[in-house]
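Novice: Sharing final.pdb, PDB, C-alpha atoms and all ligand atoms:
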```
MODEL        1
ATOM      1  CA  MET A   1     -16.844   7.267  54.942
ATOM      2  CA  ASP A   2     -18.630   7.631  58.268
ATOM      3  CA  VAL A   3     -18.134   5.488  61.353
ATOM      4  CA  PHE A   4     -20.969   4.401  63.632
ATOM      5  CA  GLU A   5     -21.199   2.226  66.718
ATOM      6  CA  GLY A   6     -24.323   0.604  68.021
ATOM      7  CA  ILE A   7     -26.508  -2.369  68.827
ATOM      8  CA  ILE A   8     -28.307  -4.086  65.941
ATOM      9  CA  LEU A   9     -32.006  -4.050  66.836
ATOM     10  CA  LYS A  10     -33.390  -5.911  63.823
ATOM     11  CA  HIS A  11     -33.050  -6.468  60.086
ATOM     12  CA  LEU A  12     -35.399  -6.594  57.150
ATOM     13  CA  ASP A  13     -34.834  -8.291  53.814
ATOM     14  CA  TYR A  14     -34.517  -5.777  51.014
ATOM     15  CA  LYS A  15     -34.915  -6.687  47.351
ATOM     16  CA  GLU A  16     -33.496 -10.082  46.314
ATOM     17  CA  THR A  17     -30.321 -10.402  48.302
ATOM     18  CA  SER A  18     -29.878  -7.319  50.456
ATOM     19  CA  GLN A  19     -30.875  -6.360  53.954
ATOM     20  CA  ILE A  20     -31.532  -3.224  55.919
ATOM     21  CA  ILE A  21     -30.300  -3.259  59.505
ATOM     22  CA  TYR A  22     -31.612  -0.979  62.241
ATOM     23  CA  VAL A  23     -28.908   0.031  64.670
ATOM     24  CA  TYR A  24     -29.337   1.862  67.957
ATOM     25  CA  THR A  25     -26.542   4.403  68.349
ATOM     26  CA  GLU A  26     -25.847   7.248  70.779
ATOM     27  CA  LYS A  27     -27.737   9.518  68.376
ATOM     28  CA  GLY A  28     -30.779   7.278  68.054
ATOM     29  CA  MET A  29     -31.790   4.633  65.549
ATOM     30  CA  GLN A  30     -29.983   4.580  62.230
ATOM     31  CA  SER A  31     -30.690   2.270  59.289
ATOM     32  CA  PHE A  32     -28.077   0.865  56.918
ATOM     33  CA  LEU A  33     -28.184  -1.095  53.696
ATOM     34  CA  ILE A  34     -26.080  -4.236  53.460
ATOM     35  CA  ARG A  35     -25.751  -5.191  49.799
ATOM     36  CA  GLY A  36     -25.729  -8.932  49.171
ATOM     37  CA  ALA A  37     -26.290  -9.642  52.871
ATOM     38  CA  ASN A  38     -28.197 -12.845  52.152
ATOM     39  CA  GLN A  39     -25.562 -14.304  49.838
ATOM     40  CA  LEU A  40     -23.422 -17.098  51.222
ATOM     41  CA  LYS A  41     -20.225 -15.308  50.355
ATOM     42  CA  SER A  42     -21.296 -12.106  52.100
ATOM     43  CA  PRO A  43     -18.535 -10.856  54.414
ATOM     44  CA  PHE A  44     -21.221  -9.710  56.844
ATOM     45  CA  LEU A  45     -22.823 -13.104  57.514
ATOM     46  CA  GLY A  46     -21.259 -13.529  60.941
ATOM     47  CA  THR A  47     -21.536  -9.930  62.105
ATOM     48  CA  LYS A  48     -25.003  -8.681  61.218
ATOM     49  CA  ASP A  49     -26.986 -10.654  63.823
ATOM     50  CA  THR A  50     -29.570  -8.917  65.965
ATOM     51  CA  LEU A  51     -28.083  -7.804  69.308
ATOM     52  CA  SER A  52     -24.496  -7.647  68.075
ATOM     53  CA  TYR A  53     -22.676  -4.523  69.214
ATOM     54  CA  VAL A  54     -20.868  -3.381  66.083
ATOM     55  CA  ARG A  55     -18.720  -0.708  64.531
ATOM     56  CA  ILE A  56     -19.893   0.191  61.037
ATOM     57  CA  TYR A  57     -18.072   2.007  58.251
ATOM     58  CA  ALA A  58     -20.659   3.309  55.832
ATOM     59  CA  SER A  59     -21.112   5.779  53.022
ATOM     60  CA  GLY A  60     -24.051   7.390  51.287
ATOM     61  CA  LYS A  61     -26.453  10.226  51.935
ATOM     62  CA  SER A  62     -29.920   9.177  53.076
ATOM     63  CA  LEU A  63     -29.708   5.381  53.325
ATOM     64  CA  LYS A  64     -26.109   4.582  54.135
ATOM     65  CA  THR A  65     -24.448   1.489  52.686
ATOM     66  CA  VAL A  66     -22.271  -0.655  54.927
ATOM     67  CA  LYS A  67     -18.716  -0.984  53.600
ATOM     68  CA  GLU A  68     -17.188  -2.719  56.572
ATOM     69  CA  MET A  69     -18.481  -3.942  59.907
ATOM     70  CA  ASN A  70     -16.639  -5.252  62.979
ATOM     71  CA  ILE A  71     -17.959  -6.871  66.114
ATOM     72  CA  ILE A  72     -17.275  -4.968  69.334
ATOM     73  CA  GLU A  73     -19.260  -7.425  71.487
ATOM     74  CA  TYR A  74     -21.213 -10.395  70.227
ATOM     75  CA  PHE A  75     -23.084 -11.200  73.473
ATOM     76  CA  LYS A  76     -22.686 -14.913  72.896
ATOM     77  CA  GLY A  77     -23.851 -15.718  76.436
ATOM     78  CA  ILE A  78     -27.194 -14.062  75.673
ATOM     79  CA  LYS A  79     -27.638 -15.497  72.184
ATOM     80  CA  GLU A  80     -27.007 -19.046  73.396
ATOM     81  CA  SER A  81     -29.819 -18.954  75.967
ATOM     82  CA  LEU A  82     -33.305 -18.832  74.485
ATOM     83  CA  ASP A  83     -34.902 -17.337  77.617
ATOM     84  CA  LYS A  84     -32.207 -14.674  78.017
ATOM     85  CA  TYR A  85     -32.285 -13.848  74.331
ATOM     86  CA  THR A  86     -36.070 -13.471  74.325
ATOM     87  CA  TYR A  87     -35.979 -11.209  77.402
ATOM     88  CA  VAL A  88     -33.366  -9.090  75.625
ATOM     89  CA  LEU A  89     -35.387  -8.966  72.399
ATOM     90  CA  HIS A  90     -38.223  -7.595  74.525
ATOM     91  CA  ILE A  91     -36.121  -4.633  75.697
ATOM     92  CA  LEU A  92     -34.677  -4.106  72.206
ATOM     93  CA  GLU A  93     -38.249  -3.880  70.894
ATOM     94  CA  LEU A  94     -39.021  -1.247  73.530
ATOM     95  CA  VAL A  95     -35.951   0.744  72.482
ATOM     96  CA  GLU A  96     -36.941   0.501  68.825
ATOM     97  CA  HIS A  97     -40.521   1.518  69.574
ATOM     98  CA  PHE A  98     -39.528   4.610  71.547
ATOM     99  CA  SER A  99     -36.382   5.583  69.653
ATOM    100  CA  ASP A 100     -38.219   8.219  67.607
ATOM    101  CA  GLY A 101     -39.906   9.925  70.482
ATOM    102  CA  GLY A 102     -39.053  10.724  74.028
ATOM    103  CA  LEU A 103     -35.830   8.805  74.546
ATOM    104  CA  ASP A 104     -32.787  10.729  75.649
ATOM    105  CA  HIS A 105     -30.266   8.737  73.573
ATOM    106  CA  PRO A 106     -27.038   9.929  75.233
ATOM    107  CA  LYS A 107     -28.501   8.453  78.449
ATOM    108  CA  SER A 108     -30.423   5.438  77.200
ATOM    109  CA  TYR A 109     -27.752   4.158  74.786
ATOM    110  CA  PRO A 110     -24.892   3.660  77.289
ATOM    111  CA  PHE A 111     -27.400   2.373  79.828
ATOM    112  CA  LEU A 112     -28.616  -0.287  77.378
ATOM    113  CA  ILE A 113     -25.039  -1.481  76.826
ATOM    114  CA  LYS A 114     -24.399  -1.686  80.589
ATOM    115  CA  ILE A 115     -27.585  -3.706  81.077
ATOM    116  CA  LEU A 116     -26.686  -6.092  78.231
ATOM    117  CA  ARG A 117     -23.300  -6.751  79.867
ATOM    118  CA  LYS A 118     -25.023  -7.509  83.168
ATOM    119  CA  VAL A 119     -27.564  -9.809  81.519
ATOM    120  CA  GLU A 120     -24.698 -11.575  79.758
ATOM    121  CA  SER A 121     -22.640 -12.129  82.909
ATOM    122  CA  GLU A 122     -25.172 -12.635  85.714
ATOM    123  CA  MET A 123     -26.911 -15.925  86.517
ATOM    124  CA  GLU A 124     -29.820 -14.026  88.066
ATOM    125  CA  TYR A 125     -30.258 -11.674  85.153
ATOM    126  CA  VAL A 126     -34.006 -10.988  85.171
ATOM    127  CA  PRO A 127     -33.789  -8.104  87.706
ATOM    128  CA  TYR A 128     -31.476  -6.286  85.258
ATOM    129  CA  ILE A 129     -34.101  -6.605  82.524
ATOM    130  CA  ASN A 130     -36.662  -5.210  84.979
ATOM    131  CA  MET A 131     -34.216  -2.454  85.963
ATOM    132  CA  PHE A 132     -33.993  -1.383  82.335
ATOM    133  CA  GLU A 133     -37.774  -1.344  82.031
ATOM    134  CA  ALA A 134     -38.138   0.600  85.302
ATOM    135  CA  LYS A 135     -35.582   3.265  84.357
ATOM    136  CA  LEU A 136     -36.922   3.511  80.826
ATOM    137  CA  LEU A 137     -40.190   4.749  82.364
ATOM    138  CA  PHE A 138     -38.211   7.654  83.803
ATOM    139  CA  LEU A 139     -36.508   8.352  80.462
ATOM    140  CA  LEU A 140     -39.937   8.337  78.788
ATOM    141  CA  GLY A 141     -41.409  10.714  81.354
ATOM    142  CA  VAL A 142     -43.986   8.316  82.791
ATOM    143  CA  ASN A 143     -42.025   7.495  85.902
ATOM    144  CA  PRO A 144     -43.866   5.988  88.855
ATOM    145  CA  ARG A 145     -43.969   7.930  92.111
ATOM    146  CA  PHE A 146     -43.111   5.891  95.158
ATOM    147  CA  HIS A 147     -42.887   8.080  98.256
ATOM    148  CA  GLU A 148     -46.271   9.684  98.684
ATOM    149  CA  CYS A 149     -49.854   9.474  97.514
ATOM    150  CA  VAL A 150     -49.878  10.852  93.956
ATOM    151  CA  ILE A 151     -53.142  12.672  94.725
ATOM    152  CA  CYS A 152     -52.827  14.148  98.260
ATOM    153  CA  LYS A 153     -49.120  13.569  99.081
ATOM    154  CA  ASP A 154     -50.001  11.627 102.235
ATOM    155  CA  THR A 155     -47.177   9.242 103.132
ATOM    156  CA  HIS A 156     -49.107   6.681 105.187
ATOM    157  CA  ASP A 157     -50.792   3.430 104.299
ATOM    158  CA  LEU A 158     -49.765   3.515 100.635
ATOM    159  CA  SER A 159     -50.362   0.965  97.912
ATOM    160  CA  PHE A 160     -49.351   0.912  94.276
ATOM    161  CA  SER A 161     -51.852   1.895  91.590
ATOM    162  CA  ILE A 162     -51.062   1.310  87.915
ATOM    163  CA  LYS A 163     -53.703   3.750  86.745
ATOM    164  CA  ASP A 164     -52.491   6.574  89.023
ATOM    165  CA  GLY A 165     -48.849   5.936  88.143
ATOM    166  CA  GLY A 166     -47.642   5.447  91.684
ATOM    167  CA  MET A 167     -48.665   5.147  95.304
ATOM    168  CA  THR A 168     -52.080   6.066  96.605
ATOM    169  CA  CYS A 169     -53.174   6.430 100.226
ATOM    170  CA  HIS A 170     -56.056   4.596 101.868
ATOM    171  CA  ASP A 171     -58.530   7.366 100.919
ATOM    172  CA  HIS A 172     -57.476   7.472  97.291
ATOM    173  CA  THR A 173     -57.071   3.776  96.623
ATOM    174  CA  GLN A 174     -59.983   2.816  94.452
ATOM    175  CA  SER A 175     -59.601  -0.932  94.366
ATOM    176  CA  LYS A 176     -58.037  -3.641  96.464
ATOM    177  CA  PRO A 177     -54.216  -3.396  96.206
ATOM    178  CA  ASN A 178     -53.036  -5.639  93.383
ATOM    179  CA  PHE A 179     -49.366  -5.872  94.236
ATOM    180  CA  SER A 180     -47.602  -7.030  97.377
ATOM    181  CA  GLU A 181     -45.344  -4.734  99.344
ATOM    182  CA  LYS A 182     -42.367  -6.937  98.415
ATOM    183  CA  CYS A 183     -43.087  -6.498  94.720
ATOM    184  CA  VAL A 184     -43.451  -2.712  94.961
ATOM    185  CA  LYS A 185     -40.264  -2.522  97.089
ATOM    186  CA  LEU A 186     -38.344  -4.468  94.448
ATOM    187  CA  PHE A 187     -39.707  -2.194  91.716
ATOM    188  CA  GLU A 188     -38.607   0.868  93.690
ATOM    189  CA  PHE A 189     -35.201  -0.671  94.490
ATOM    190  CA  LEU A 190     -34.512  -1.408  90.809
ATOM    191  CA  TYR A 191     -35.829   1.978  89.724
ATOM    192  CA  TYR A 192     -33.287   3.772  91.952
ATOM    193  CA  TYR A 193     -30.476   1.202  91.575
ATOM    194  CA  ASP A 194     -27.084   2.678  90.741
ATOM    195  CA  LEU A 195     -25.058   0.358  88.484
ATOM    196  CA  ALA A 196     -21.924   2.308  89.385
ATOM    197  CA  LYS A 197     -22.384   1.351  93.047
ATOM    198  CA  PRO A 198     -23.675  -2.193  92.827
ATOM    199  CA  SER A 199     -25.355  -3.806  95.803
ATOM    200  CA  SER A 200     -26.809  -7.293  96.002
ATOM    201  CA  ILE A 201     -30.266  -7.791  94.573
ATOM    202  CA  GLU A 202     -32.366 -10.234  96.516
ATOM    203  CA  THR A 203     -35.342 -11.702  94.798
ATOM    204  CA  GLU A 204     -37.581 -14.693  94.892
ATOM    205  CA  LEU A 205     -39.436 -16.148  91.957
ATOM    206  CA  LYS A 206     -42.850 -15.178  93.330
ATOM    207  CA  THR A 207     -41.832 -11.500  93.492
ATOM    208  CA  ILE A 208     -40.241 -11.617  90.040
ATOM    209  CA  VAL A 209     -43.471 -13.048  88.588
ATOM    210  CA  GLU A 210     -45.484 -10.316  90.284
ATOM    211  CA  LEU A 211     -43.145  -7.562  89.114
ATOM    212  CA  ARG A 212     -43.409  -8.949  85.564
ATOM    213  CA  LYS A 213     -47.194  -8.456  85.780
ATOM    214  CA  LEU A 214     -46.812  -4.979  87.235
ATOM    215  CA  LEU A 215     -44.414  -3.849  84.488
ATOM    216  CA  ASP A 216     -46.574  -5.355  81.741
ATOM    217  CA  SER A 217     -49.669  -3.572  83.074
ATOM    218  CA  TYR A 218     -47.803  -0.296  83.534
ATOM    219  CA  TYR A 219     -46.429  -0.314  79.983
ATOM    220  CA  LEU A 220     -49.777  -1.273  78.531
ATOM    221  CA  TYR A 221     -51.738   1.337  80.479
ATOM    222  CA  HIS A 222     -49.333   4.301  80.207
ATOM    223  CA  LEU A 223     -47.521   3.600  76.931
ATOM    224  CA  ASN A 224     -49.970   1.312  75.153
ATOM    225  CA  ILE A 225     -47.390  -1.318  74.304
ATOM    226  CA  LYS A 226     -46.958  -5.048  74.658
ATOM    227  CA  THR A 227     -44.028  -6.333  72.614
ATOM    228  CA  LYS A 228     -44.127  -9.401  70.370
ATOM    229  CA  SER A 229     -41.174 -10.816  72.300
ATOM    230  CA  ARG A 230     -43.140 -10.475  75.532
ATOM    231  CA  THR A 231     -45.785 -12.759  74.036
ATOM    232  CA  VAL A 232     -43.100 -15.249  72.946
ATOM    233  CA  LEU A 233     -41.544 -15.080  76.421
ATOM    234  CA  GLU A 234     -44.876 -15.924  77.996
ATOM    235  CA  GLY A 235     -44.845 -19.182  76.038
ATOM    236  CA  LEU A 236     -41.306 -19.932  77.230
ATOM    237  CA  ILE A 237     -41.464 -19.118  80.932
ATOM    238  CA  GLY A 238     -45.157 -19.673  81.517
ATOM    239  CA  TYR A 239     -46.149 -16.243  82.852
TER     240      TYR A 239
HETATM  241 ZN    ZN A 301     -54.190  10.333  99.029
ENDMDL
END
```
Before anything else, please render the file you have as structure tokens.
Specialist:
Amino acid sequence: MDVFEGIILKHLDYKETSQIIYVYTEKGMQSFLIRGANQLKSPFLGTKDTLSYVRIYASGKSLKTVKEMNIIEYFKGIKESLDKYTYVLHILELVEHFSDGGLDHPKSYPFLIKILRKVESEMEYVPYINMFEAKLLFLLGVNPRFHECVICKDTHDLSFSIKDGGMTCHDHTQSKPNFSEKCVKLFEFLYYYDLAKPSSIETELKTIVELRKLLDSYYLYHLNIKTKSRTVLEGLIGY
């Protein structure tokens, strides 16, 4: 029997009564079969929810079958808030999408767990979602460059350009700047934020809304992704 720990990203029904769960572990995404998962007497009914952080005992060669599963953290505070939960589903979808390519799992896996704990405990949790998205750009190798013009390295009169993946100077800015200085500063602050040395994060709704647009555009332009949860979230929060 093998032991695994990870975050359940999603499940799919399999045959009549079984399910396959997709779990993000320190080695990447791993799928497991839960026999009889949809039956009322299944011992896994309370543990197999999306987002649960679980320890799994499983056996089998290619598709492993779950024998026993325990909750490490349930993240009740996230699951009970529709907005929070939808934001989190958005980042779980990103993890799932990129888990096969580019992600450095020993870094992204513990980071995801830290972010989930922050989202669970903080009232102002949205910056932590944005922090995950910002740092994920680094882990995926499409990190924005903040300190100089990406074309000529000039450090004066800079504005953020989605297309160029960072700051451009007056001479190399092709269109009117789309994002306020406050928004770009917040993006940069979250990108470099060290969770081990926490400092206060000051935000206002206007800047959060703007940063949401910036991140959406950046992911769409550089990684060609808009998650389903992002669309659902738009319906919930209105932007
Ligand atoms: Zn320039």
Novice: Using the chain letters and numbers from the file, which residues does the PyMOL selection byres (((not hetatm)) within 9 of (chain A and resi 301)) grab, as a list in words?
Specialist: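 Selected by the PyMOL selection byres (((not hetatm)) within 9 of (chain A and resi 301)) in this file: Glu148, Cys149, Val150, Ile151, Cys152, Lys153, Asp154, Thr155, His156, Leu158, Met167, Thr168, Cys169, His170, Asp171, His172 and Thr173 of chain A.
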Novice: Check the smallest atom-to-atom distance from each of A:Thr65, A:Gln19, A:Thr50, A:Ser31 to Leu89 of chain A using all atoms listed in the file, then report the winner.
Specialist: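 Once distances to Leu89 of chain A are computed over all atoms listed in the file, the minimum belongs to A:Thr50.
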Novice: Of the candidates A:Leu33, A:Val126, A:Leu139, A:Val184, which one gets nearest to Leu214 of chain A if we count only C-alpha atoms?
Specialist: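 Among the listed residues, A:Val184 lies closest to Leu214 of chain A.
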Novice: Name the residues that the PyMOL selection byres (((chain A and resi 20-25) around 10) and not hetatm) pulls out of this structure, and write them as a PyMOL selection string.
Specialist: chain A and resi 4-15+18-19+26-35+37+48-54+56+63-66+92+95-96+99+105-106+108-110+112
Novice: Provide the atom CA of Gly141 of chain A to atom CA of His222 of chain A distance in Å, to one decimal place.
Specialist: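 Pair atom CA of Gly141 of chain A / atom CA of His222 of chain A returns 10.3 Å.
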Novice: Mind listing whatever residues come within 12 Å of the point (-25.4, -6.6, 83.9)? Use only C-alpha atoms, file coordinates, and give them as JSON, numbers by chain.
Specialist: {"A": [75, 77, 78, 88, 111, 112, 113, 114, 115, 116, 117, 118, 119, 120, 121, 122, 123, 124, 125, 126, 127, 128, 129, 130, 131, 132, 194, 195, 196, 198, 201]}
Novice: Written as a list in words, which residues does the PyMOL selection byres (((chain A and resi 210) around 12) and not hetatm) give for the file shown?
Specialist: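 That expression, the PyMOL selection byres (((chain A and resi 210) around 12) and not hetatm), corresponds here to Asn130, Asn178, Phe179, Ser180, Glu181, Lys182, Cys183, Val184, Lys185, Leu186, Phe187, Thr203, Glu204, Leu205, Lys206, Thr207, Ile208, Val209, Leu211, Arg212, Lys213, Leu214, Leu215, Asp216, Ser217 and Tyr239 of chain A.
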Novice: Write out as an MDAnalysis selection string which residues come within 8 Å of Asp2 of chain A when counting only C-alpha atoms, dropping same-chain ones fewer than 2 positions away.
Specialist: chainID A and resid 4 57:59
Novice: Given the choices A:His97, A:Lys67, A:Lys228, A:Lys107, which gets closest to Phe44 of chain A if the distance is worked out from only C-alpha atoms?
Specialist: A:Lys67
Novice: I need the residue nearest Leu223 of chain A from this list: A:Thr47, A:Asn143, A:Ser42, A:Gln174. Use all atoms listed in the file for the distance.
Specialist: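 Of A:Thr47, A:Asn143, A:Ser42, A:Gln174, the one nearest Leu223 of chain A is A:Asn143, counting all atoms listed in the file.
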Novice: Restricting the calculation to all atoms listed in the file, which member of A:Tyr87, A:Tyr221, A:Tyr74, A:Phe160 is positioned closest to Pro144 of chain A?
Specialist: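 Of A:Tyr87, A:Tyr221, A:Tyr74, A:Phe160, the one nearest Pro144 of chain A is A:Phe160, counting all atoms listed in the file.
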Novice: I'd like the interatomic distance between atom CA of Glu188 of chain A and atom CA of Phe138 of chain A, to a tenth of an Å.
Specialist: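 Between atom CA of Glu188 of chain A and atom CA of Phe138 of chain A the gap works out to 12.0 Å.
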Novice: Padding 4 Å on each side, edges along x, y and z: where is the centre of the box around the listed atoms of segment 159-178 of chain A, and how long are its edges in Å to one decimal? Output it as lines of an AutoDock Vina configuration file.
Specialist:
```
center_x = -53.8
center_y = 0.9
center_z = 94.3
size_x = 20.3
size_y = 21.1
size_z = 23.1
```
Novice: Figure out the distance between atom CA of Glu80 of chain A and atom CA of Val3 of chain A, please, to one decimal in Å.
Specialist: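 Taking atom CA of Val3 of chain A and atom CA of Glu80 of chain A, their separation equals 28.7 Å.
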Novice: Find, counting only C-alpha atoms, the residue in A:Lys176, A:Gly60, A:Asn224, A:Arg55 that gets nearest to Ile72 of chain A.
Specialist: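 With only C-alpha atoms as the atom set, the closest residue is A:Arg55.
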Novice: Taking (-41.6, -9.4, 68.9) in the file's own coordinates, collect the residues within 10 Å, counting all atoms listed in the file, and hand them back as a PyMOL selection string.
Specialist: chain A and resi 86+89-94+226-233
